[in-house]
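Containing mmCIF, C-alpha atoms and all ligand atoms: structure_5.cif.
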```
data_my_file
loop_
_atom_site.group_PDB
_atom_site.id
_atom_site.type_symbol
_atom_site.label_atom_id
_atom_site.label_comp_id
_atom_site.auth_asym_id
_atom_site.auth_seq_id
_atom_site.Cartn_x
_atom_site.Cartn_y
_atom_site.Cartn_z
ATOM 1 C CA MET A 12 -112.268 36.335 93.406
ATOM 2 C CA GLY A 13 -109.760 34.304 91.414
ATOM 3 C CA ILE A 14 -106.737 36.070 89.955
ATOM 4 C CA VAL A 15 -105.549 35.701 86.401
ATOM 5 C CA ASN A 16 -102.456 37.695 85.550
ATOM 6 C CA VAL A 17 -101.555 37.954 81.908
ATOM 7 C CA THR A 18 -98.278 39.709 82.565
ATOM 8 C CA PRO A 19 -94.949 38.101 81.669
ATOM 9 C CA ASP A 20 -93.551 39.372 84.997
ATOM 10 C CA SER A 21 -96.493 38.941 87.385
ATOM 11 C CA PHE A 22 -96.034 38.671 91.152
ATOM 12 C CA SER A 23 -96.330 35.043 92.133
ATOM 13 C CA ASP A 24 -97.041 32.751 89.220
ATOM 14 C CA GLY A 25 -93.641 33.493 87.701
ATOM 15 C CA GLY A 26 -95.196 33.896 84.271
ATOM 16 C CA GLU A 27 -96.640 30.398 84.437
ATOM 17 C CA PHE A 28 -99.893 31.536 82.830
ATOM 18 C CA SER A 29 -98.481 34.158 80.496
ATOM 19 C CA SER A 30 -99.782 32.607 77.301
ATOM 20 C CA PHE A 31 -103.395 33.091 76.331
ATOM 21 C CA GLU A 32 -104.270 29.405 76.321
ATOM 22 C CA ARG A 33 -102.863 28.714 79.724
ATOM 23 C CA ALA A 34 -104.668 31.755 81.089
ATOM 24 C CA CYS A 35 -107.976 30.463 79.665
ATOM 25 C CA LYS A 36 -107.472 27.003 81.161
ATOM 26 C CA HIS A 37 -106.585 28.570 84.486
ATOM 27 C CA VAL A 38 -109.772 30.679 84.432
ATOM 28 C CA ASP A 39 -111.944 27.693 83.451
ATOM 29 C CA LEU A 40 -110.554 25.774 86.407
ATOM 30 C CA MET A 41 -111.083 28.627 88.874
ATOM 31 C CA VAL A 42 -114.708 29.026 87.764
ATOM 32 C CA ALA A 43 -115.325 25.265 88.051
ATOM 33 C CA GLU A 44 -113.813 25.410 91.549
ATOM 34 C CA GLY A 45 -116.198 28.111 92.743
ATOM 35 C CA ALA A 46 -114.806 31.529 91.864
ATOM 36 C CA VAL A 47 -117.579 34.128 91.593
ATOM 37 C CA PHE A 48 -115.305 36.881 90.284
ATOM 38 C CA ILE A 49 -112.283 36.678 88.003
ATOM 39 C CA ASP A 50 -109.819 39.549 88.263
ATOM 40 C CA VAL A 51 -107.938 40.038 84.990
ATOM 41 C CA GLY A 52 -104.686 41.985 85.200
ATOM 42 C CA GLY A 53 -102.263 42.958 82.438
ATOM 43 C CA GLU A 54 -100.012 45.366 84.317
ATOM 44 C CA SER A 55 -97.632 44.144 86.994
ATOM 45 C CA THR A 56 -97.595 46.387 90.061
ATOM 46 C CA ARG A 57 -94.692 44.525 91.618
ATOM 47 C CA PRO A 58 -92.037 46.932 92.958
ATOM 48 C CA GLY A 59 -89.698 47.893 90.117
ATOM 49 C CA ALA A 60 -91.810 46.320 87.351
ATOM 50 C CA THR A 61 -91.516 47.997 83.958
ATOM 51 C CA PRO A 62 -94.570 50.048 82.966
ATOM 52 C CA VAL A 63 -96.668 48.668 80.099
ATOM 53 C CA SER A 64 -98.188 50.666 77.259
ATOM 54 C CA ILE A 65 -101.936 50.881 76.686
ATOM 55 C CA GLU A 66 -101.543 48.719 73.580
ATOM 56 C CA GLN A 67 -99.600 46.007 75.447
ATOM 57 C CA GLU A 68 -102.102 45.974 78.272
ATOM 58 C CA LEU A 69 -105.044 45.704 75.855
ATOM 59 C CA GLU A 70 -103.334 42.916 73.926
ATOM 60 C CA ARG A 71 -102.969 40.964 77.148
ATOM 61 C CA VAL A 72 -106.386 41.465 78.752
ATOM 62 C CA ILE A 73 -109.006 41.823 75.998
ATOM 63 C CA PRO A 74 -108.778 38.253 74.602
ATOM 64 C CA ILE A 75 -109.062 36.725 78.057
ATOM 65 C CA ILE A 76 -111.999 38.982 79.019
ATOM 66 C CA LYS A 77 -113.781 37.895 75.829
ATOM 67 C CA HIS A 78 -113.058 34.260 76.610
ATOM 68 C CA ILE A 79 -114.533 34.581 80.103
ATOM 69 C CA ALA A 80 -117.576 36.563 78.928
ATOM 70 C CA GLU A 81 -118.339 34.004 76.218
ATOM 71 C CA ASN A 82 -117.887 30.918 78.376
ATOM 72 C CA HIS A 83 -118.755 31.727 81.966
ATOM 73 C CA ASP A 84 -121.399 33.364 84.109
ATOM 74 C CA VAL A 85 -119.067 35.159 86.525
ATOM 75 C CA TRP A 86 -118.199 38.741 87.373
ATOM 76 C CA ILE A 87 -115.211 39.891 85.341
ATOM 77 C CA SER A 88 -113.057 42.497 87.027
ATOM 78 C CA ILE A 89 -110.405 44.435 85.119
ATOM 79 C CA ASP A 90 -107.324 45.282 87.197
ATOM 80 C CA THR A 91 -106.137 48.510 85.579
ATOM 81 C CA SER A 92 -105.528 52.206 86.204
ATOM 82 C CA LYS A 93 -105.766 53.271 82.564
ATOM 83 C CA PRO A 94 -109.068 54.810 81.371
ATOM 84 C CA GLU A 95 -108.582 53.453 77.833
ATOM 85 C CA VAL A 96 -108.180 49.913 79.183
ATOM 86 C CA MET A 97 -111.233 50.321 81.460
ATOM 87 C CA GLU A 98 -113.355 51.362 78.471
ATOM 88 C CA GLN A 99 -112.303 48.577 76.110
ATOM 89 C CA ALA A 100 -112.423 45.978 78.876
ATOM 90 C CA VAL A 101 -116.015 46.871 79.719
ATOM 91 C CA GLN A 102 -116.916 46.832 76.019
ATOM 92 C CA ALA A 103 -115.381 43.348 75.821
ATOM 93 C CA GLY A 104 -117.476 42.117 78.768
ATOM 94 C CA ALA A 105 -115.838 43.233 82.025
ATOM 95 C CA ASN A 106 -118.378 44.037 84.759
ATOM 96 C CA MET A 107 -116.172 45.810 87.250
ATOM 97 C CA ILE A 108 -113.049 47.995 87.533
ATOM 98 C CA ASN A 109 -110.333 47.162 90.052
ATOM 99 C CA ASP A 110 -107.924 50.093 90.324
ATOM 100 C CA VAL A 111 -104.895 49.921 92.637
ATOM 101 C CA ARG A 112 -104.532 53.693 92.036
ATOM 102 C CA ALA A 113 -108.132 54.378 93.131
ATOM 103 C CA LEU A 114 -109.034 56.340 89.965
ATOM 104 C CA GLN A 115 -106.264 58.913 90.501
ATOM 105 C CA GLU A 116 -104.788 58.673 86.983
ATOM 106 C CA PRO A 117 -105.872 61.440 84.597
ATOM 107 C CA GLY A 118 -109.277 60.662 83.060
ATOM 108 C CA ALA A 119 -109.954 57.622 85.254
ATOM 109 C CA LEU A 120 -112.710 59.189 87.404
ATOM 110 C CA ALA A 121 -114.590 60.465 84.343
ATOM 111 C CA MET A 122 -114.245 57.114 82.589
ATOM 112 C CA ALA A 123 -115.517 55.141 85.589
ATOM 113 C CA ALA A 124 -118.481 57.541 85.833
ATOM 114 C CA LYS A 125 -119.233 57.061 82.136
ATOM 115 C CA LEU A 126 -118.979 53.259 82.300
ATOM 116 C CA ALA A 127 -121.175 53.153 85.440
ATOM 117 C CA VAL A 128 -119.867 49.771 86.642
ATOM 118 C CA PRO A 129 -118.732 48.913 90.181
ATOM 119 C CA VAL A 130 -115.226 50.150 91.035
ATOM 120 C CA CYS A 131 -112.808 48.888 93.651
ATOM 121 C CA LEU A 132 -110.785 51.779 95.114
ATOM 122 C CA MET A 133 -107.539 50.429 96.550
ATOM 123 C CA HIS A 134 -105.266 52.300 98.931
ATOM 124 C CA MET A 135 -101.582 52.567 98.053
ATOM 125 C CA GLN A 136 -98.971 54.825 99.641
ATOM 126 C CA GLY A 137 -96.634 56.146 96.938
ATOM 127 C CA SER A 138 -96.217 54.390 93.600
ATOM 128 C CA PRO A 139 -95.190 50.784 92.804
ATOM 129 C CA GLU A 140 -91.610 51.925 92.061
ATOM 130 C CA THR A 141 -91.037 53.398 95.525
ATOM 131 C CA MET A 142 -93.885 52.235 97.770
ATOM 132 C CA GLN A 143 -91.866 49.739 99.811
ATOM 133 C CA ASP A 144 -88.898 52.083 100.468
ATOM 134 C CA SER A 145 -90.017 53.362 103.895
ATOM 135 C CA PRO A 146 -93.787 53.528 104.241
ATOM 136 C CA GLU A 147 -94.897 55.779 107.100
ATOM 137 C CA TYR A 148 -98.238 56.603 108.676
ATOM 138 C CA LEU A 149 -99.399 58.621 111.653
ATOM 139 C CA ASP A 150 -101.927 55.856 112.250
ATOM 140 C CA VAL A 151 -102.287 53.408 109.411
ATOM 141 C CA ILE A 152 -106.010 52.779 110.005
ATOM 142 C CA ASP A 153 -106.956 56.467 110.354
ATOM 143 C CA ASP A 154 -104.806 57.409 107.366
ATOM 144 C CA VAL A 155 -106.290 54.749 105.066
ATOM 145 C CA ILE A 156 -109.836 55.635 106.171
ATOM 146 C CA HIS A 157 -109.066 59.313 105.505
ATOM 147 C CA PHE A 158 -107.811 58.410 102.021
ATOM 148 C CA PHE A 159 -111.021 56.457 101.350
ATOM 149 C CA GLU A 160 -113.162 59.375 102.529
ATOM 150 C CA GLN A 161 -111.389 61.675 100.081
ATOM 151 C CA ARG A 162 -111.634 59.239 97.190
ATOM 152 C CA ILE A 163 -115.331 58.598 97.891
ATOM 153 C CA VAL A 164 -116.000 62.355 97.678
ATOM 154 C CA ALA A 165 -113.989 62.573 94.441
ATOM 155 C CA CYS A 166 -116.002 59.689 92.991
ATOM 156 C CA LEU A 167 -119.358 61.149 94.001
ATOM 157 C CA ASP A 168 -118.328 64.561 92.598
ATOM 158 C CA ALA A 169 -117.419 62.868 89.304
ATOM 159 C CA GLY A 170 -120.892 61.346 89.108
ATOM 160 C CA ILE A 171 -120.076 57.801 90.270
ATOM 161 C CA SER A 172 -122.880 56.234 92.287
ATOM 162 C CA ARG A 173 -122.016 55.344 95.881
ATOM 163 C CA ASP A 174 -123.694 51.984 95.241
ATOM 164 C CA ASN A 175 -120.899 51.213 92.787
ATOM 165 C CA LEU A 176 -118.005 51.652 95.236
ATOM 166 C CA ILE A 177 -115.941 48.898 96.858
ATOM 167 C CA LEU A 178 -112.955 49.572 99.148
ATOM 168 C CA ASP A 179 -109.639 47.745 99.546
ATOM 169 C CA PRO A 180 -106.936 48.719 102.079
ATOM 170 C CA GLY A 181 -104.256 47.413 99.687
ATOM 171 C CA PHE A 182 -102.150 44.881 101.583
ATOM 172 C CA GLY A 183 -98.478 45.261 100.642
ATOM 173 C CA PHE A 184 -98.906 48.524 98.760
ATOM 174 C CA GLY A 185 -96.717 50.965 100.693
ATOM 175 C CA LYS A 186 -97.013 49.081 103.985
ATOM 176 C CA THR A 187 -94.618 47.354 106.363
ATOM 177 C CA ILE A 188 -95.451 43.934 107.777
ATOM 178 C CA GLU A 189 -96.641 45.690 110.976
ATOM 179 C CA HIS A 190 -98.943 47.984 108.955
ATOM 180 C CA ASN A 191 -100.376 44.991 107.079
ATOM 181 C CA TYR A 192 -101.188 43.017 110.240
ATOM 182 C CA ARG A 193 -102.584 46.095 111.955
ATOM 183 C CA ILE A 194 -104.978 46.534 109.009
ATOM 184 C CA LEU A 195 -105.968 42.874 109.102
ATOM 185 C CA ALA A 196 -106.597 43.103 112.840
ATOM 186 C CA CYS A 197 -108.658 46.283 112.480
ATOM 187 C CA LEU A 198 -110.702 45.439 109.364
ATOM 188 C CA PRO A 199 -114.036 46.094 111.140
ATOM 189 C CA ARG A 200 -113.039 49.785 111.376
ATOM 190 C CA PHE A 201 -113.418 50.014 107.588
ATOM 191 C CA HIS A 202 -117.071 49.012 107.862
ATOM 192 C CA GLU A 203 -117.633 52.528 109.276
ATOM 193 C CA LEU A 204 -117.717 53.642 105.643
ATOM 194 C CA HIS A 205 -120.597 51.252 104.881
ATOM 195 C CA LEU A 206 -119.173 49.947 101.609
ATOM 196 C CA PRO A 207 -118.180 46.404 100.620
ATOM 197 C CA LEU A 208 -114.571 45.427 101.338
ATOM 198 C CA LEU A 209 -112.281 43.578 98.960
ATOM 199 C CA ILE A 210 -109.178 41.985 100.492
ATOM 200 C CA GLY A 211 -106.104 40.679 98.695
ATOM 201 C CA LEU A 212 -103.350 39.064 100.695
ATOM 202 C CA SER A 213 -102.889 35.816 98.776
ATOM 203 C CA ARG A 214 -99.215 34.757 98.675
ATOM 204 C CA LYS A 215 -98.063 38.272 99.586
ATOM 205 C CA SER A 216 -94.880 39.120 101.482
ATOM 206 C CA MET A 217 -96.871 39.739 104.688
ATOM 207 C CA ILE A 218 -97.352 35.953 104.642
ATOM 208 C CA GLY A 219 -93.960 35.043 103.186
ATOM 209 C CA ASP A 220 -91.868 37.300 105.423
ATOM 210 C CA LEU A 221 -93.687 36.235 108.587
ATOM 211 C CA LEU A 222 -93.385 32.524 107.805
ATOM 212 C CA GLU A 223 -90.081 32.764 105.930
ATOM 213 C CA ARG A 224 -91.557 30.915 102.978
ATOM 214 C CA ASP A 225 -91.145 31.614 99.309
ATOM 215 C CA VAL A 226 -94.165 32.122 97.059
ATOM 216 C CA SER A 227 -94.796 28.469 96.304
ATOM 217 C CA LYS A 228 -95.121 27.675 100.042
ATOM 218 C CA ARG A 229 -97.587 30.342 101.152
ATOM 219 C CA LEU A 230 -100.899 28.485 100.792
ATOM 220 C CA ALA A 231 -101.603 27.785 104.468
ATOM 221 C CA GLY A 232 -100.673 31.322 105.467
ATOM 222 C CA SER A 233 -102.841 32.767 102.693
ATOM 223 C CA LEU A 234 -105.806 30.634 103.786
ATOM 224 C CA ALA A 235 -105.411 31.807 107.378
ATOM 225 C CA GLY A 236 -105.436 35.409 106.148
ATOM 226 C CA ALA A 237 -108.488 34.808 103.948
ATOM 227 C CA LEU A 238 -110.389 33.272 106.865
ATOM 228 C CA ILE A 239 -109.519 36.117 109.236
ATOM 229 C CA ALA A 240 -110.582 38.682 106.630
ATOM 230 C CA ALA A 241 -113.864 36.881 105.911
ATOM 231 C CA GLN A 242 -114.642 36.505 109.610
ATOM 232 C CA GLN A 243 -114.173 40.257 109.995
ATOM 233 C CA GLY A 244 -116.781 40.791 107.297
ATOM 234 C CA ALA A 245 -114.729 41.264 104.123
ATOM 235 C CA GLN A 246 -117.132 40.537 101.273
ATOM 236 C CA ILE A 247 -114.690 39.747 98.436
ATOM 237 C CA ILE A 248 -111.433 37.804 98.893
ATOM 238 C CA ARG A 249 -108.959 38.036 96.005
ATOM 239 C CA VAL A 250 -106.911 34.810 95.790
ATOM 240 C CA HIS A 251 -104.679 32.630 93.640
ATOM 241 C CA ASP A 252 -105.820 29.351 95.236
ATOM 242 C CA VAL A 253 -109.563 29.154 94.583
ATOM 243 C CA PRO A 254 -110.557 25.588 95.590
ATOM 244 C CA GLU A 255 -108.721 25.715 98.918
ATOM 245 C CA THR A 256 -110.140 29.143 99.758
ATOM 246 C CA VAL A 257 -113.672 28.037 98.824
ATOM 247 C CA ASP A 258 -113.343 25.083 101.219
ATOM 248 C CA VAL A 259 -112.196 27.337 104.041
ATOM 249 C CA LEU A 260 -115.045 29.789 103.449
ATOM 250 C CA LYS A 261 -117.629 26.984 103.306
ATOM 251 C CA VAL A 262 -116.503 25.712 106.719
ATOM 252 C CA MET A 263 -116.708 29.256 108.064
ATOM 253 C CA SER A 264 -120.177 29.814 106.587
ATOM 254 C CA ALA A 265 -121.529 26.523 107.929
ATOM 255 C CA THR A 266 -120.260 27.448 111.370
ATOM 256 C CA MET A 267 -121.676 30.963 111.277
ATOM 257 C CA ALA A 268 -125.018 29.663 109.998
ATOM 258 C CA SER A 269 -125.203 27.437 113.090
ATOM 259 C CA MET A 270 -124.573 30.177 115.656
HETATM 260 C C1 LIG A 301 -104.201 43.670 94.795
HETATM 261 C C2 LIG A 301 -104.780 44.076 93.593
HETATM 262 C C3 LIG A 301 -104.919 43.851 96.003
HETATM 263 C C4 LIG A 301 -106.682 44.783 94.665
HETATM 264 C C5 LIG A 301 -102.807 43.271 93.221
HETATM 265 C C6 LIG A 301 -100.684 40.648 94.034
HETATM 266 C C7 LIG A 301 -100.339 42.024 93.620
HETATM 267 N N1 LIG A 301 -106.019 44.612 93.525
HETATM 268 N N2 LIG A 301 -103.884 43.815 92.608
HETATM 269 N N3 LIG A 301 -106.157 44.409 95.875
HETATM 270 N N4 LIG A 301 -102.971 43.159 94.534
HETATM 271 N N5 LIG A 301 -107.913 45.310 94.641
HETATM 272 O O1 LIG A 301 -101.702 40.074 93.679
HETATM 273 O O2 LIG A 301 -99.834 40.079 94.779
HETATM 274 O O3 LIG A 301 -104.488 43.559 97.127
HETATM 275 S S1 LIG A 301 -101.377 42.786 92.355
#
```

So, in terms of structure tokens, how does the structure I just supplied come out?
Amino acid sequence: MGIVNVTPDSFSDGGEFSSFERACKHVDLMVAEGAVFIDVGGESTRPGATPVSIEQELERVIPIIKHIAENHDVWISIDTSKPEVMEQAVQAGANMINDVRALQEPGALAMAAKLAVPVCLMHMQGSPETMQDSPEYLDVIDDVIHFFEQRIVACLDAGISRDNLILDPGFGFGKTIEHNYRILACLPRFHELHLPLLIGLSRKSMIGDLLERDVSKRLAGSLAGALIAAQQGAQIIRVHDVPETVDVLKVMSATMASM
């Protein structure tokens, strides 16, 4: 899954692809390089980022979703928590919802049920404004699994098909570096829930803080994380660096096919 952020203040591309044209070129390149999904985001969830209005978010994401739908045969995922954005994104051609708030915003469960597309439920402790202040868990794996169990029930009760659910432990969202590596080490535990796993650790601080590297120098660390996640059975890997990740995954697949 290649990432395209159309936020002026997005996490790691420093606004490099903030204009529509650059975002389109970036997407075209990621698809040519082997991305199967494109995740389109118009709201920065970086700690302390200013909230965006529905109108702003729509202005950012709808044109790029239309561009992808018209030009490429890939899965388009809309990274949003807002029901209005989910609806218009799907109308514009998005095939999947990626919600870092796991459909907990008012109206989100009902909207996802109505749209009947796959939904990624991500775990986050707290909210983006405060999540990195002092995250605490009794046991990070048990607690995240418990959260997923509750959200799965909420989704089923709202009329969402279990077949449409994907889970993501949410690296960096209300987690210390120890929590993040514990989750990476214990990924197979999440297969207990028998749903596909989506993993996003590309260029995140769990890589940067460990290696003491700023965002532009986190490629090797991100690739190592992607490989570990894929080897533990994660089905979708959300990344900035598509061609390098595709190479890594091809080497892994060739090896596993020869076992
Ligand atoms: C994630 C996400 C993630 C899912 C972001 C960044 C921060 N969606 N959106 N999982 N991260 N599902 O890319 O660094 O880990 S925004």

Given the choices A:His190, A:His83, A:Lys93, A:His157, which gets closest to Pro62 of chain A if the distance is worked out from all atoms listed in the file?
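Ranked by minimum distance to Pro62 of chain A, first place goes to A:Lys93.
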
Please report as a tab-separated table every residue of chain A lying within 9 Å of ligand LIG 301 (chain A), along with the nearest atom pair and their distance in Å (one decimal), using only C-alpha atoms and all ligand atoms.
```
residue	atom	partner	partner_atom	distance
A:Ile14	CA	A:LIG301	O1	7.4
A:Asn16	CA	A:LIG301	O1	8.5
A:Ser21	CA	A:LIG301	C7	7.9
A:Phe22	CA	A:LIG301	O2	5.4
A:Ser23	CA	A:LIG301	O2	6.7
A:Asp50	CA	A:LIG301	N1	8.2
A:Gly52	CA	A:LIG301	N2	7.7
A:Glu54	CA	A:LIG301	S1	8.6
A:Ser55	CA	A:LIG301	S1	6.7
A:Thr56	CA	A:LIG301	S1	5.7
A:Arg57	CA	A:LIG301	C7	6.5
A:Asp90	CA	A:LIG301	N1	6.5
A:Thr91	CA	A:LIG301	N2	8.7
A:Asn109	CA	A:LIG301	N5	5.5
A:Asp110	CA	A:LIG301	N5	6.4
A:Val111	CA	A:LIG301	N1	5.5
A:Cys131	CA	A:LIG301	N5	6.1
A:Leu132	CA	A:LIG301	N5	7.1
A:Met133	CA	A:LIG301	N5	5.5
A:His134	CA	A:LIG301	N3	8.5
A:Leu178	CA	A:LIG301	N5	8.0
A:Asp179	CA	A:LIG301	N5	5.7
A:Pro180	CA	A:LIG301	O3	7.6
A:Gly181	CA	A:LIG301	O3	4.6
A:Phe182	CA	A:LIG301	O3	5.2
A:Gly183	CA	A:LIG301	O3	7.2
A:Phe184	CA	A:LIG301	O3	7.6
A:Leu209	CA	A:LIG301	N5	6.4
A:Ile210	CA	A:LIG301	O3	6.0
A:Gly211	CA	A:LIG301	O3	3.7
A:Leu212	CA	A:LIG301	O3	5.9
A:Ser213	CA	A:LIG301	O2	6.6
A:Arg214	CA	A:LIG301	O2	6.6
A:Lys215	CA	A:LIG301	O2	5.4
A:Ser216	CA	A:LIG301	O2	8.4
A:Ile248	CA	A:LIG301	N3	9.0
A:Arg249	CA	A:LIG301	N3	7.0
A:Val250	CA	A:LIG301	O1	7.7
A:His251	CA	A:LIG301	O1	8.0
```

Leaving out Arg71 of chain A and any residue of its chain fewer than 4 positions from it, which residues lie within 9 Å of it when counting only C-alpha atoms, given as a list in words?
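Listed by chain and then number, they are Val17, Thr18, Ser29, Ser30, Phe31, Gly52, Gly53, Glu54, Glu66, Gln67 and Ile75 of chain A.
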
Might you spell out which residues the PyMOL selection byres (((chain A and resi 152) around 8) and not hetatm) would select in the displayed file, as an mmCIF file with C-alpha atoms, keeping the file's coordinate frame?
```
data_model
loop_
_atom_site.group_PDB
_atom_site.id
_atom_site.type_symbol
_atom_site.label_atom_id
_atom_site.label_comp_id
_atom_site.auth_asym_id
_atom_site.auth_seq_id
_atom_site.Cartn_x
_atom_site.Cartn_y
_atom_site.Cartn_z
ATOM 1 C CA ASP A 150 -101.927 55.856 112.250
ATOM 2 C CA VAL A 151 -102.287 53.408 109.411
ATOM 3 C CA ASP A 153 -106.956 56.467 110.354
ATOM 4 C CA ASP A 154 -104.806 57.409 107.366
ATOM 5 C CA VAL A 155 -106.290 54.749 105.066
ATOM 6 C CA ILE A 156 -109.836 55.635 106.171
ATOM 7 C CA ARG A 193 -102.584 46.095 111.955
ATOM 8 C CA ILE A 194 -104.978 46.534 109.009
ATOM 9 C CA CYS A 197 -108.658 46.283 112.480
ATOM 10 C CA ARG A 200 -113.039 49.785 111.376
#
```

When the PyMOL selection byres (((chain A and resi 98) around 12) and not hetatm) is applied to the structure above, which residues does it catch, written out as a VMD selection string?
chain A and resid 65 69 73 89 91 to 97 99 to 108 118 to 128

Please produce an output containing C-alpha atoms for each residue in the selection, written as an mmCIF file, keeping the file's coordinate frame.
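Generated file (part.cif):
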```cif
data_model
loop_
_atom_site.group_PDB
_atom_site.id
_atom_site.type_symbol
_atom_site.label_atom_id
_atom_site.label_comp_id
_atom_site.auth_asym_id
_atom_site.auth_seq_id
_atom_site.Cartn_x
_atom_site.Cartn_y
_atom_site.Cartn_z
ATOM 1 C CA ILE A 65 -101.936 50.881 76.686
ATOM 2 C CA LEU A 69 -105.044 45.704 75.855
ATOM 3 C CA ILE A 73 -109.006 41.823 75.998
ATOM 4 C CA ILE A 89 -110.405 44.435 85.119
ATOM 5 C CA THR A 91 -106.137 48.510 85.579
ATOM 6 C CA SER A 92 -105.528 52.206 86.204
ATOM 7 C CA LYS A 93 -105.766 53.271 82.564
ATOM 8 C CA PRO A 94 -109.068 54.810 81.371
ATOM 9 C CA GLU A 95 -108.582 53.453 77.833
ATOM 10 C CA VAL A 96 -108.180 49.913 79.183
ATOM 11 C CA MET A 97 -111.233 50.321 81.460
ATOM 12 C CA GLN A 99 -112.303 48.577 76.110
ATOM 13 C CA ALA A 100 -112.423 45.978 78.876
ATOM 14 C CA VAL A 101 -116.015 46.871 79.719
ATOM 15 C CA GLN A 102 -116.916 46.832 76.019
ATOM 16 C CA ALA A 103 -115.381 43.348 75.821
ATOM 17 C CA GLY A 104 -117.476 42.117 78.768
ATOM 18 C CA ALA A 105 -115.838 43.233 82.025
ATOM 19 C CA ASN A 106 -118.378 44.037 84.759
ATOM 20 C CA MET A 107 -116.172 45.810 87.250
ATOM 21 C CA ILE A 108 -113.049 47.995 87.533
ATOM 22 C CA GLY A 118 -109.277 60.662 83.060
ATOM 23 C CA ALA A 119 -109.954 57.622 85.254
ATOM 24 C CA LEU A 120 -112.710 59.189 87.404
ATOM 25 C CA ALA A 121 -114.590 60.465 84.343
ATOM 26 C CA MET A 122 -114.245 57.114 82.589
ATOM 27 C CA ALA A 123 -115.517 55.141 85.589
ATOM 28 C CA ALA A 124 -118.481 57.541 85.833
ATOM 29 C CA LYS A 125 -119.233 57.061 82.136
ATOM 30 C CA LEU A 126 -118.979 53.259 82.300
ATOM 31 C CA ALA A 127 -121.175 53.153 85.440
ATOM 32 C CA VAL A 128 -119.867 49.771 86.642
#
```

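Using only C-alpha atoms for every distance, the candidate list A:Pro254, A:Gly170, A:Gly59, A:Pro207 yields A:Gly59 as the residue closest to Ser138 of chain A.
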
Which polymer residues have any atom within 10 Å of an atom of Leu40 of chain A, counting all atoms listed in the file, with same-chain residues fewer than 6 positions away left out, as a PyMOL selection string?
chain A and resi 13+34+46+253-254

For atom CA of Thr61 of chain A and atom CA of Glu32 of chain A, the interatomic separation in Å (one decimal):
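Atom-to-atom, atom CA of Thr61 of chain A and atom CA of Glu32 of chain A are spaced 23.8 Å apart.
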
Which one is closest to Glu147 of chain A: A:Ile188, A:Ala165, A:Val257, A:Met41? Count all atoms listed in the file.
A:Ile188

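Candidate residues A:Val15, A:Leu114, A:Ala196, A:Ala268 were compared for distance to Gly236 of chain A, and the nearest is A:Ala196, using all atoms listed in the file.
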
Work out how far atom CA of Ile218 of chain A is from atom CA of Gln246 of chain A, in Å to one decimal.
20.6 Å

Extract segment 28-37 of chain A from the preceding block and save N, CA, C and O atoms as a CSV table (one decimal), in the first residue's frame.
```csv
chain,number,residue,atom,x,y,z
A,28,PHE,N,4.5,16.8,-1.6
A,28,PHE,CA,3.5,16.4,-2.6
A,28,PHE,C,2.1,17.1,-2.3
A,28,PHE,O,1.1,16.5,-2.4
A,29,SER,N,2.2,18.3,-1.8
A,29,SER,CA,1.0,18.9,-1.3
A,29,SER,C,0.1,19.4,-2.5
A,29,SER,O,-1.1,19.5,-2.4
A,30,SER,N,0.7,19.7,-3.6
A,30,SER,CA,-0.1,20.2,-4.7
A,30,SER,C,-0.7,19.0,-5.5
A,30,SER,O,-0.1,17.9,-5.5
A,31,PHE,N,-1.8,19.2,-6.1
A,31,PHE,CA,-2.5,18.1,-6.8
A,31,PHE,C,-1.7,17.4,-7.8
A,31,PHE,O,-1.6,16.2,-7.9
A,32,GLU,N,-1.0,18.2,-8.6
A,32,GLU,CA,-0.2,17.6,-9.7
A,32,GLU,C,0.9,16.7,-9.2
A,32,GLU,O,1.2,15.6,-9.7
A,33,ARG,N,1.6,17.2,-8.2
A,33,ARG,CA,2.7,16.4,-7.6
A,33,ARG,C,2.1,15.1,-7.0
A,33,ARG,O,2.7,14.0,-7.1
A,34,ALA,N,1.0,15.2,-6.4
A,34,ALA,CA,0.3,14.0,-5.8
A,34,ALA,C,0.0,13.0,-6.9
A,34,ALA,O,0.2,11.8,-6.7
A,35,CYS,N,-0.5,13.5,-8.0
A,35,CYS,CA,-0.9,12.6,-9.1
A,35,CYS,C,0.4,11.9,-9.6
A,35,CYS,O,0.4,10.7,-9.9
A,36,LYS,N,1.4,12.6,-9.9
A,36,LYS,CA,2.7,12.0,-10.4
A,36,LYS,C,3.2,11.0,-9.4
A,36,LYS,O,3.7,9.9,-9.8
A,37,HIS,N,3.1,11.3,-8.1
A,37,HIS,CA,3.6,10.4,-7.1
A,37,HIS,C,2.8,9.1,-7.1
A,37,HIS,O,3.4,8.0,-7.1
```
